[in-house]
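> Next comes the structure file structure_33.cif, holding mmCIF, C-alpha atoms.
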```cif
data_entry
#
loop_
_atom_site.group_PDB
_atom_site.id
_atom_site.type_symbol
_atom_site.label_atom_id
_atom_site.label_comp_id
_atom_site.auth_asym_id
_atom_site.auth_seq_id
_atom_site.Cartn_x
_atom_site.Cartn_y
_atom_site.Cartn_z
ATOM 1 C CA MET A 181 64.597 100.714 105.956
ATOM 2 C CA SER A 182 67.962 101.475 107.529
ATOM 3 C CA LEU A 183 69.938 99.524 110.099
ATOM 4 C CA ILE A 184 71.999 101.279 112.756
ATOM 5 C CA LYS A 185 75.408 99.609 112.677
ATOM 6 C CA ARG A 186 77.428 101.818 114.961
ATOM 7 C CA VAL A 187 76.677 104.646 117.330
ATOM 8 C CA VAL A 188 78.939 106.783 119.509
ATOM 9 C CA LEU A 189 77.269 108.494 122.467
ATOM 10 C CA ASP A 190 78.436 111.120 124.932
ATOM 11 C CA VAL A 191 77.128 109.763 128.240
ATOM 12 C CA LEU A 192 77.292 111.232 131.735
ATOM 13 C CA LYS A 193 77.101 108.435 134.323
ATOM 14 C CA PRO A 194 77.424 108.070 138.098
ATOM 15 C CA HIS A 195 80.548 106.320 139.379
ATOM 16 C CA GLN A 196 78.497 103.240 140.178
ATOM 17 C CA PRO A 197 78.080 101.006 138.273
ATOM 18 C CA ASN A 198 81.679 101.331 137.059
ATOM 19 C CA ALA A 199 82.499 101.323 133.334
ATOM 20 C CA LEU A 200 83.049 97.562 133.260
ATOM 21 C CA GLU A 201 79.708 96.765 134.911
ATOM 22 C CA PHE A 202 77.960 99.451 132.836
ATOM 23 C CA ALA A 203 79.214 97.963 129.565
ATOM 24 C CA GLY A 204 78.392 94.468 130.844
ATOM 25 C CA VAL A 205 74.779 95.358 131.598
ATOM 26 C CA ILE A 206 74.275 96.889 128.121
ATOM 27 C CA ALA A 207 75.880 93.882 126.426
ATOM 28 C CA ASP A 208 73.907 91.385 128.553
ATOM 29 C CA ARG A 209 70.570 93.014 127.789
ATOM 30 C CA HIS A 210 71.204 93.450 124.058
ATOM 31 C CA SER A 211 72.744 90.292 122.651
ATOM 32 C CA GLY A 212 74.968 90.645 119.626
ATOM 33 C CA CYS A 213 76.076 94.176 120.574
ATOM 34 C CA ARG A 214 79.704 95.107 121.175
ATOM 35 C CA VAL A 215 80.128 97.885 123.698
ATOM 36 C CA LYS A 216 83.183 100.050 124.232
ATOM 37 C CA ILE A 217 83.347 102.691 126.963
ATOM 38 C CA THR A 218 86.040 105.348 127.275
ATOM 39 C CA VAL A 219 86.038 107.469 130.410
ATOM 40 C CA THR A 220 87.106 110.963 129.409
ATOM 41 C CA GLU A 221 86.466 112.999 132.560
ATOM 42 C CA VAL A 222 85.935 112.209 136.223
ATOM 43 C CA ASP A 223 84.483 114.473 138.881
ATOM 44 C CA GLU A 224 83.224 113.990 142.419
ATOM 45 C CA LYS A 225 80.029 112.097 141.641
ATOM 46 C CA THR A 226 79.991 111.441 137.904
ATOM 47 C CA GLU A 227 82.160 110.539 134.944
ATOM 48 C CA THR A 228 81.845 111.609 131.340
ATOM 49 C CA THR A 229 82.185 108.696 128.968
ATOM 50 C CA VAL A 230 82.153 107.937 125.262
ATOM 51 C CA VAL A 231 80.051 104.840 124.644
ATOM 52 C CA THR A 232 80.548 103.072 121.317
ATOM 53 C CA ILE A 233 78.067 100.375 120.374
ATOM 54 C CA LYS A 234 78.324 98.114 117.346
ATOM 55 C CA CYS A 235 75.730 95.632 116.239
ATOM 56 C CA ASN A 236 74.073 94.262 113.106
ATOM 57 C CA ASP A 237 71.027 96.339 114.004
ATOM 58 C CA ILE A 238 71.286 98.440 117.148
ATOM 59 C CA PRO A 239 67.986 98.588 119.090
ATOM 60 C CA TYR A 240 68.566 102.253 119.825
ATOM 61 C CA GLU A 241 65.475 103.037 121.931
ATOM 62 C CA ALA A 242 66.017 99.950 124.084
ATOM 63 C CA ILE A 243 69.650 100.911 124.611
ATOM 64 C CA VAL A 244 68.611 104.432 125.633
ATOM 65 C CA ASP A 245 66.244 102.865 128.190
ATOM 66 C CA THR A 246 69.062 100.655 129.518
ATOM 67 C CA ILE A 247 71.498 103.553 129.799
ATOM 68 C CA THR A 248 69.027 105.872 131.528
ATOM 69 C CA GLY A 249 67.894 102.974 133.736
ATOM 70 C CA LEU A 250 71.440 102.777 135.077
ATOM 71 C CA GLY A 251 71.255 106.410 136.166
ATOM 72 C CA ALA A 252 73.182 107.796 133.188
ATOM 73 C CA SER A 253 72.118 110.486 130.744
ATOM 74 C CA ILE A 254 72.898 110.707 127.044
ATOM 75 C CA HIS A 255 74.196 114.164 126.253
ATOM 76 C CA SER A 256 74.660 113.732 122.515
ATOM 77 C CA ILE A 257 74.982 111.332 119.603
ATOM 78 C CA ASP A 258 78.500 112.032 118.381
ATOM 79 C CA GLU A 259 78.776 109.517 115.545
ATOM 80 C CA VAL A 260 76.389 107.201 113.826
ATOM 81 C CA GLU A 261 76.820 104.610 111.091
ATOM 82 C CA VAL A 262 73.736 103.436 109.310
ATOM 83 C CA SER A 263 73.312 100.935 106.523
ATOM 84 C CA SER A 264 70.338 100.580 104.287
ATOM 85 C CA THR A 265 68.866 97.137 103.848
ATOM 86 C CA PRO A 266 69.296 95.805 100.305
ATOM 87 C CA GLN A 267 66.183 96.467 98.248
ATOM 88 C CA PRO A 268 64.512 93.337 96.756
ATOM 89 C CA GLU A 269 64.773 93.095 92.997
ATOM 90 C CA PRO A 270 61.505 93.893 91.177
ATOM 91 C CA MET B 161 65.122 88.706 141.971
ATOM 92 C CA PHE B 162 68.231 87.807 143.973
ATOM 93 C CA ARG B 163 70.387 88.911 141.055
ATOM 94 C CA GLN B 164 68.621 92.277 141.050
ATOM 95 C CA LEU B 165 69.028 92.681 144.808
ATOM 96 C CA ARG B 166 72.689 91.678 144.586
ATOM 97 C CA PHE B 167 73.177 94.270 141.821
ATOM 98 C CA LEU B 168 71.557 96.973 143.996
ATOM 99 C CA PHE B 169 73.779 95.947 146.929
ATOM 100 C CA GLN B 170 76.897 96.172 144.755
ATOM 101 C CA LEU B 171 75.769 99.487 143.277
ATOM 102 C CA THR B 172 75.605 101.084 146.725
ATOM 103 C CA HIS B 173 78.442 99.094 148.375
ATOM 104 C CA ALA B 174 75.775 98.120 150.891
ATOM 105 C CA HIS B 175 77.284 94.652 151.375
ATOM 106 C CA THR B 176 80.062 96.175 153.509
ATOM 107 C CA ILE B 177 77.498 98.061 155.599
ATOM 108 C CA ALA B 178 75.375 94.921 155.988
ATOM 109 C CA ARG B 179 78.394 92.913 157.101
ATOM 110 C CA ARG B 180 79.322 95.568 159.656
ATOM 111 C CA TYR B 181 75.748 95.686 161.014
ATOM 112 C CA PHE B 182 75.580 91.889 161.160
ATOM 113 C CA VAL B 183 78.666 91.754 163.383
ATOM 114 C CA THR B 184 77.835 94.815 165.492
ATOM 115 C CA ASN B 185 74.257 93.840 166.228
ATOM 116 C CA GLY B 186 75.082 90.159 166.437
ATOM 117 C CA PHE B 187 77.575 91.150 169.121
ATOM 118 C CA ASP B 188 74.856 93.169 170.877
ATOM 119 C CA GLY B 189 72.497 90.209 170.831
ATOM 120 C CA ALA B 190 75.103 87.725 172.031
ATOM 121 C CA LEU B 191 76.389 89.960 174.864
ATOM 122 C CA THR B 192 72.826 90.764 175.960
ATOM 123 C CA MET B 193 72.025 87.056 176.149
ATOM 124 C CA LEU B 194 75.291 86.404 177.993
ATOM 125 C CA GLY B 195 74.444 89.152 180.497
ATOM 126 C CA LEU B 196 70.942 87.763 181.037
ATOM 127 C CA THR B 197 72.066 84.158 181.437
ATOM 128 C CA MET B 198 74.929 85.159 183.764
ATOM 129 C CA GLY B 199 72.468 87.223 185.783
ATOM 130 C CA PHE B 200 70.133 84.256 186.164
ATOM 131 C CA TYR B 201 73.108 82.000 186.968
ATOM 132 C CA SER B 202 74.276 84.239 189.801
ATOM 133 C CA SER B 203 70.797 84.581 191.307
ATOM 134 C CA ASP B 204 68.675 81.998 193.136
ATOM 135 C CA SER B 205 67.495 79.160 190.982
ATOM 136 C CA VAL B 206 65.071 80.393 188.360
ATOM 137 C CA SER B 207 62.938 78.060 186.305
ATOM 138 C CA THR B 208 63.922 77.514 182.689
ATOM 139 C CA PRO B 209 60.593 78.821 181.243
ATOM 140 C CA VAL B 210 61.157 82.145 183.068
ATOM 141 C CA ILE B 211 64.688 82.371 181.636
ATOM 142 C CA ILE B 212 63.373 81.602 178.142
ATOM 143 C CA SER B 213 60.670 84.289 178.431
ATOM 144 C CA ALA B 214 63.132 86.908 179.624
ATOM 145 C CA CYS B 215 65.664 86.081 176.903
ATOM 146 C CA LEU B 216 62.989 85.989 174.206
ATOM 147 C CA GLY B 217 61.632 89.353 175.346
ATOM 148 C CA ALA B 218 65.079 90.910 175.165
ATOM 149 C CA ALA B 219 65.729 89.304 171.745
ATOM 150 C CA ILE B 220 62.468 90.663 170.317
ATOM 151 C CA ALA B 221 63.195 94.132 171.678
ATOM 152 C CA LEU B 222 66.667 94.069 170.111
ATOM 153 C CA THR B 223 65.182 92.888 166.794
ATOM 154 C CA VAL B 224 62.558 95.617 166.618
ATOM 155 C CA SER B 225 65.092 98.221 167.671
ATOM 156 C CA GLY B 226 67.542 97.015 165.030
ATOM 157 C CA LEU B 227 64.909 96.950 162.272
ATOM 158 C CA ALA B 228 63.498 100.390 163.023
ATOM 159 C CA SER B 229 66.739 102.265 163.694
ATOM 160 C CA ALA B 230 68.568 100.888 160.657
ATOM 161 C CA TYR B 231 65.618 101.479 158.299
ATOM 162 C CA VAL B 232 65.129 105.074 159.361
ATOM 163 C CA SER B 233 68.811 106.000 159.294
ATOM 164 C CA GLU B 234 69.641 104.153 156.050
ATOM 165 C CA LEU B 235 66.596 105.610 154.284
ATOM 166 C CA ALA B 236 67.676 109.128 155.229
ATOM 167 C CA GLU B 237 71.248 108.488 154.018
ATOM 168 C CA ARG B 238 70.133 106.907 150.712
ATOM 169 C CA GLU B 239 67.665 109.709 149.984
ATOM 170 C CA LYS B 240 70.376 112.290 150.626
ATOM 171 C CA GLU B 241 72.799 110.466 148.314
ATOM 172 C CA LEU B 242 70.122 110.139 145.622
ATOM 173 C CA LYS B 243 69.324 113.863 145.727
ATOM 174 C CA GLU B 244 73.043 114.727 145.451
ATOM 175 C CA LEU B 245 73.427 112.361 142.503
ATOM 176 C CA GLU B 246 70.340 113.809 140.799
ATOM 177 C CA GLN B 247 71.907 117.253 141.089
ATOM 178 C CA ALA B 248 75.164 115.963 139.618
ATOM 179 C CA VAL B 249 73.550 114.246 136.591
ATOM 180 C CA VAL B 250 70.832 116.945 136.342
ATOM 181 C CA GLY B 251 68.000 114.453 136.079
ATOM 182 C CA ASP B 252 65.382 112.446 137.944
ATOM 183 C CA LEU B 253 66.743 109.095 139.109
ATOM 184 C CA GLU B 254 63.523 107.747 140.706
ATOM 185 C CA ASN B 255 62.969 105.122 137.992
ATOM 186 C CA THR B 256 66.604 104.075 137.682
ATOM 187 C CA ALA B 257 68.715 101.466 139.465
ATOM 188 C CA HIS B 258 69.811 104.187 141.912
ATOM 189 C CA GLY B 259 66.209 105.060 142.738
ATOM 190 C CA ARG B 260 65.378 101.387 143.343
ATOM 191 C CA ALA B 261 68.491 101.020 145.476
ATOM 192 C CA ALA B 262 67.418 104.017 147.590
ATOM 193 C CA ARG B 263 64.097 102.254 148.266
ATOM 194 C CA TRP B 264 65.231 98.644 148.691
ATOM 195 C CA VAL B 265 68.676 98.817 150.291
ATOM 196 C CA PRO B 266 67.398 100.403 153.554
ATOM 197 C CA ILE B 267 64.922 97.503 153.888
ATOM 198 C CA LEU B 268 67.636 94.896 153.327
ATOM 199 C CA ILE B 269 70.041 96.609 155.722
ATOM 200 C CA ALA B 270 67.272 96.861 158.334
ATOM 201 C CA VAL B 271 66.577 93.125 158.005
ATOM 202 C CA VAL B 272 70.249 92.293 158.574
ATOM 203 C CA ASN B 273 70.485 94.761 161.462
ATOM 204 C CA GLY B 274 67.295 93.522 163.095
ATOM 205 C CA PHE B 275 67.644 89.789 162.624
ATOM 206 C CA SER B 276 71.324 89.370 163.492
ATOM 207 C CA PRO B 277 70.753 89.817 167.266
ATOM 208 C CA LEU B 278 67.688 87.556 167.022
ATOM 209 C CA LEU B 279 69.726 84.874 165.312
ATOM 210 C CA MET B 280 72.428 85.047 167.992
ATOM 211 C CA ALA B 281 69.817 85.071 170.780
ATOM 212 C CA LEU B 282 67.979 82.038 169.387
ATOM 213 C CA LEU B 283 71.267 80.173 169.025
ATOM 214 C CA ILE B 284 72.215 80.895 172.634
ATOM 215 C CA MET B 285 68.729 79.949 173.874
ATOM 216 C CA THR B 286 68.821 76.583 172.069
ATOM 217 C CA PRO B 287 70.128 74.626 175.118
ATOM 218 C CA LEU B 288 67.249 76.072 177.192
ATOM 219 C CA TRP B 289 64.686 74.801 174.670
ATOM 220 C CA LEU B 290 66.415 71.453 174.361
ATOM 221 C CA SER B 291 66.329 71.090 178.148
ATOM 222 C CA GLU B 292 62.602 71.954 178.200
ATOM 223 C CA ALA B 293 62.051 69.369 175.491
ATOM 224 C CA GLY B 294 63.579 66.732 177.783
ATOM 225 C CA ILE B 295 66.827 66.297 175.868
ATOM 226 C CA ALA B 296 69.787 65.465 178.125
ATOM 227 C CA LEU B 297 72.625 67.998 178.082
ATOM 228 C CA PRO B 298 76.236 67.601 179.317
ATOM 229 C CA LEU B 299 75.779 70.534 181.762
ATOM 230 C CA THR B 300 72.743 72.353 183.164
ATOM 231 C CA ALA B 301 70.649 74.191 180.559
ATOM 232 C CA LEU B 302 71.835 77.593 181.801
ATOM 233 C CA GLU B 303 75.500 76.539 181.794
ATOM 234 C CA CYS B 304 75.127 75.206 178.233
ATOM 235 C CA ALA B 305 73.535 78.505 177.177
ATOM 236 C CA ILE B 306 76.441 80.425 178.720
ATOM 237 C CA VAL B 307 78.987 78.215 176.937
ATOM 238 C CA THR B 308 77.048 78.724 173.668
ATOM 239 C CA ALA B 309 77.193 82.487 174.228
ATOM 240 C CA PHE B 310 80.979 82.368 174.701
ATOM 241 C CA LEU B 311 81.352 80.221 171.587
ATOM 242 C CA SER B 312 79.129 82.560 169.549
ATOM 243 C CA LEU B 313 81.174 85.579 170.574
ATOM 244 C CA PHE B 314 84.390 83.736 169.766
ATOM 245 C CA MET B 315 83.022 82.847 166.307
ATOM 246 C CA LEU B 316 81.995 86.465 165.693
ATOM 247 C CA GLY B 317 85.575 87.414 166.447
ATOM 248 C CA VAL B 318 86.834 84.768 164.036
ATOM 249 C CA LEU B 319 84.496 86.161 161.357
ATOM 250 C CA LEU B 320 85.886 89.658 161.964
ATOM 251 C CA GLY B 321 89.416 88.330 161.719
ATOM 252 C CA THR B 322 88.630 86.635 158.394
ATOM 253 C CA VAL B 323 87.179 89.867 157.025
ATOM 254 C CA SER B 324 90.075 92.045 158.141
ATOM 255 C CA GLY B 325 92.772 89.541 157.208
ATOM 256 C CA GLN B 326 93.969 89.148 160.794
ATOM 257 C CA PHE B 327 94.867 85.777 162.303
ATOM 258 C CA TRP B 328 91.518 84.233 163.185
ATOM 259 C CA LEU B 329 92.597 82.930 166.597
ATOM 260 C CA TRP B 330 93.703 86.306 167.977
ATOM 261 C CA SER B 331 90.567 87.935 166.671
ATOM 262 C CA GLY B 332 88.380 85.247 168.216
ATOM 263 C CA LEU B 333 90.242 85.415 171.526
ATOM 264 C CA ARG B 334 89.799 89.181 171.630
ATOM 265 C CA THR B 335 86.008 88.918 171.517
ATOM 266 C CA LEU B 336 86.123 86.011 173.951
ATOM 267 C CA ILE B 337 88.048 88.178 176.432
ATOM 268 C CA ILE B 338 85.354 90.869 176.080
ATOM 269 C CA ALA B 339 82.740 88.205 176.817
ATOM 270 C CA LEU B 340 84.686 86.974 179.877
ATOM 271 C CA ILE B 341 85.023 90.531 181.225
ATOM 272 C CA THR B 342 81.258 91.030 180.786
ATOM 273 C CA ALA B 343 80.503 87.755 182.544
ATOM 274 C CA GLY B 344 82.921 88.672 185.344
ATOM 275 C CA ILE B 345 81.274 92.056 185.927
ATOM 276 C CA VAL B 346 77.787 90.504 186.003
ATOM 277 C CA LEU B 347 78.941 87.826 188.477
ATOM 278 C CA LEU B 348 80.635 90.435 190.652
ATOM 279 C CA LEU B 349 77.583 92.687 190.765
ATOM 280 C CA GLY B 350 75.269 89.752 191.253
ATOM 281 C CA SER B 351 77.110 88.251 194.232
#
```
Translate this structure into structure tokens?

Amino acid sequence: MSLIKRVVLDVLKPHQPNALEFAGVIADRHSGCRVKITVTEVDEKTETTVVTIKCNDIPYEAIVDTITGLGASIHSIDEVEVSSTPQPEP
Amino acid sequence: MFRQLRFLFQLTHAHTIARRYFVTNGFDGALTMLGLTMGFYSSDSVSTPVIISACLGAAIALTVSGLASAYVSELAEREKELKELEQAVVGDLENTAHGRAARWVPILIAVVNGFSPLLMALLIMTPLWLSEAGIALPLTALECAIVTAFLSLFMLGVLLGTVSGQFWLWSGLRTLIIALITAGIVLLLGS
């Protein structure tokens, strides 16, 4: 079984909540996760961001629910880092 | 639940709208009560229960008006904003924080808009109730209600001054002057 250690997402979000609040909500709901948001483009009603999440085991589906629940949409998974769990010795 | 509601308020910047409606409609309620009490003061002696009924009727009408008008107008605005945002993100936002805000924020704004004049009216009517309850007052019940109305309007001005960063005394005096002008016009027309 593999563990998702790091994921970089291309996310389109409304201006509210702002990047600080957005990152805070993700971090609050998923303890142990480090969240970094870079705003790359801003237009009238939305901003394009790069969301980087690091954790021992990222609960990806739950994070998708949190992000979409805040009115944002995930356009793509740009980077992913996965680690396999060590296999028990026979 | 309060945390959720506070989050929805912050999401939509509705706290500034709520504050504006609180002051605006609070002002309406206080000036209406001032007008009524000044009208009764300038007429032949009217019994306190009649004054209470008239003031309560006006307060209820202002409350219902505030609730209904704010709910309908805020709902329309929030739905319009939600549709525009859905077009921008190319997705359905019904089950997101923005969708919940579009449903709940109009209710919260309507409550503030409706109950602020009621709160001011009940405050101004307090001396009338105290008098009916047999509690001794420094002036007549109507005079105490009028003084309470002036004080309430002054305090609303002070609140506005605090919000805008102006000196509280000038802001309070400004609303007090408006109250005095209103009282003067009612006395003039009533005499």
> Counting all atoms listed in the file, select every polymer residue within 12 Å of (67.4, 70.9, 174.7) as defined in the file's coordinates, and provide the selection as a compact mmCIF listing (two decimals) with C-alpha atoms, in the coordinates of the input.

```
# COMPACT_ATOMS: atom_id res chain seq x y z
CA THR B 208 63.92 77.51 182.69
CA ILE B 212 63.37 81.60 178.14
CA LEU B 283 71.27 80.17 169.02
CA ILE B 284 72.22 80.90 172.63
CA MET B 285 68.73 79.95 173.87
CA THR B 286 68.82 76.58 172.07
CA PRO B 287 70.13 74.63 175.12
CA LEU B 288 67.25 76.07 177.19
CA TRP B 289 64.69 74.80 174.67
CA LEU B 290 66.42 71.45 174.36
CA SER B 291 66.33 71.09 178.15
CA GLU B 292 62.60 71.95 178.20
CA ALA B 293 62.05 69.37 175.49
CA GLY B 294 63.58 66.73 177.78
CA ILE B 295 66.83 66.30 175.87
CA ALA B 296 69.79 65.46 178.12
CA LEU B 297 72.62 68.00 178.08
CA PRO B 298 76.24 67.60 179.32
CA LEU B 299 75.78 70.53 181.76
CA THR B 300 72.74 72.35 183.16
CA ALA B 301 70.65 74.19 180.56
CA LEU B 302 71.83 77.59 181.80
CA CYS B 304 75.13 75.21 178.23
CA ALA B 305 73.54 78.50 177.18
```
> Please write the residues picked by the PyMOL selection byres ((chain A) within 7 of (chain B)) on this file as a list in words.
Leu192, Gln196, Pro197, Lys225, Thr226, Thr248, Gly249, Leu250 and Gly251 of chain A
> Tell me which protein, DNA and RNA residues are within 7 Å of stretch 252-261 of chain A, counting all atoms listed in the file, leaving out same-chain ones fewer than 4 positions away, and put them as an NGL selection string.
:A and (184-194 or 247-248)
> So what do you get for atom CA of B:Thr184 versus atom CA of B:Gly274, distance-wise?
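Straight-line distance from atom CA of B:Thr184 to atom CA of B:Gly274 works out to 10.9 Å.
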> Just checking: using all atoms listed in the file, which residue out of B:Leu320, B:Ile341, B:Leu268, B:Leu278 ends up closest to B:Met193?
B:Leu278
> Can you work out which one of A:Gly204, A:Ile217, A:Glu227, A:Ser182 has the shortest atom-to-atom distance to A:Pro239, counting all atoms listed in the file?
A:Ser182
> Report, in Å to a single decimal, how far apart atom CA of B:Pro266 and atom CA of B:Tyr231 are.
5.2 Å
> Could you state the separation of atom CA of B:Arg263 and atom CA of B:Arg238 in Å, given to one decimal place?
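Pair atom CA of B:Arg263 / atom CA of B:Arg238 returns 8.0 Å.
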> For this file, the PyMOL selection byres ((chain A and resi 203) around 9) selects which residues, as a list in words?
Asn198, Ala199, Leu200, Glu201, Phe202, Gly204, Val205, Ile206, Ala207, Asp208, Arg214, Val215, Lys216, Ile217 and Val231 of chain A
> Would you list the contacts of B:Met198 as a ChimeraX atom specification, taking every protein, DNA or RNA residue within 10 Å and counting all atoms listed in the file, but skipping same-chain residues closer than 3 positions in sequence?
/B:192-195,201-203,302-303,305-306,342-347,350
> Any idea what's packed within 12 Å of B:Leu279, counting only C-alpha atoms, ignoring anything in its chain fewer than 4 positions away? Could you give it as a PyMOL selection string?
chain B and resi 182-183+185-190+193+216+219-220+222-223+271-275+283-286+309+312
> Any chance you could turn stretch 273-286 of chain B into a file with N, CA and C atoms, as a PDB file, in the first residue's frame?

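The resulting selection_2.pdb:
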```pdb
ATOM      1  N   ASN B 273     -31.710  43.591  10.430  1.00  0.00           N
ATOM      2  CA  ASN B 273     -32.469  44.711   9.885  1.00  0.00           C
ATOM      3  C   ASN B 273     -33.833  44.835  10.548  1.00  0.00           C
ATOM      4  N   GLY B 274     -34.454  43.714  10.858  1.00  0.00           N
ATOM      5  CA  GLY B 274     -35.788  43.731  11.436  1.00  0.00           C
ATOM      6  C   GLY B 274     -35.785  44.016  12.926  1.00  0.00           C
ATOM      7  N   PHE B 275     -34.819  43.445  13.638  1.00  0.00           N
ATOM      8  CA  PHE B 275     -34.853  43.559  15.093  1.00  0.00           C
ATOM      9  C   PHE B 275     -34.139  44.787  15.642  1.00  0.00           C
ATOM     10  N   SER B 276     -33.360  45.476  14.832  1.00  0.00           N
ATOM     11  CA  SER B 276     -32.699  46.683  15.357  1.00  0.00           C
ATOM     12  C   SER B 276     -33.700  47.786  15.691  1.00  0.00           C
ATOM     13  N   PRO B 277     -34.724  48.069  14.817  1.00  0.00           N
ATOM     14  CA  PRO B 277     -35.701  49.079  15.240  1.00  0.00           C
ATOM     15  C   PRO B 277     -36.533  48.615  16.430  1.00  0.00           C
ATOM     16  N   LEU B 278     -36.786  47.309  16.524  1.00  0.00           N
ATOM     17  CA  LEU B 278     -37.566  46.786  17.655  1.00  0.00           C
ATOM     18  C   LEU B 278     -36.801  46.975  18.960  1.00  0.00           C
ATOM     19  N   LEU B 279     -35.512  46.706  18.880  1.00  0.00           N
ATOM     20  CA  LEU B 279     -34.661  46.864  20.069  1.00  0.00           C
ATOM     21  C   LEU B 279     -34.664  48.314  20.546  1.00  0.00           C
ATOM     22  N   MET B 280     -34.501  49.240  19.590  1.00  0.00           N
ATOM     23  CA  MET B 280     -34.500  50.668  19.943  1.00  0.00           C
ATOM     24  C   MET B 280     -35.864  51.075  20.496  1.00  0.00           C
ATOM     25  N   ALA B 281     -36.937  50.591  19.854  1.00  0.00           N
ATOM     26  CA  ALA B 281     -38.295  50.950  20.292  1.00  0.00           C
ATOM     27  C   ALA B 281     -38.554  50.437  21.709  1.00  0.00           C
ATOM     28  N   LEU B 282     -38.165  49.199  21.985  1.00  0.00           N
ATOM     29  CA  LEU B 282     -38.411  48.630  23.312  1.00  0.00           C
ATOM     30  C   LEU B 282     -37.610  49.378  24.377  1.00  0.00           C
ATOM     31  N   LEU B 283     -36.408  49.793  24.009  1.00  0.00           N
ATOM     32  CA  LEU B 283     -35.577  50.560  24.943  1.00  0.00           C
ATOM     33  C   LEU B 283     -36.242  51.888  25.284  1.00  0.00           C
ATOM     34  N   ILE B 284     -36.756  52.547  24.249  1.00  0.00           N
ATOM     35  CA  ILE B 284     -37.380  53.868  24.448  1.00  0.00           C
ATOM     36  C   ILE B 284     -38.698  53.739  25.195  1.00  0.00           C
ATOM     37  N   MET B 285     -39.396  52.613  25.021  1.00  0.00           N
ATOM     38  CA  MET B 285     -40.680  52.403  25.695  1.00  0.00           C
ATOM     39  C   MET B 285     -40.507  51.952  27.137  1.00  0.00           C
ATOM     40  N   THR B 286     -39.306  51.611  27.543  1.00  0.00           N
ATOM     41  CA  THR B 286     -39.072  51.081  28.899  1.00  0.00           C
ATOM     42  C   THR B 286     -39.626  51.992  29.996  1.00  0.00           C
TER      43      THR B 286
END
```
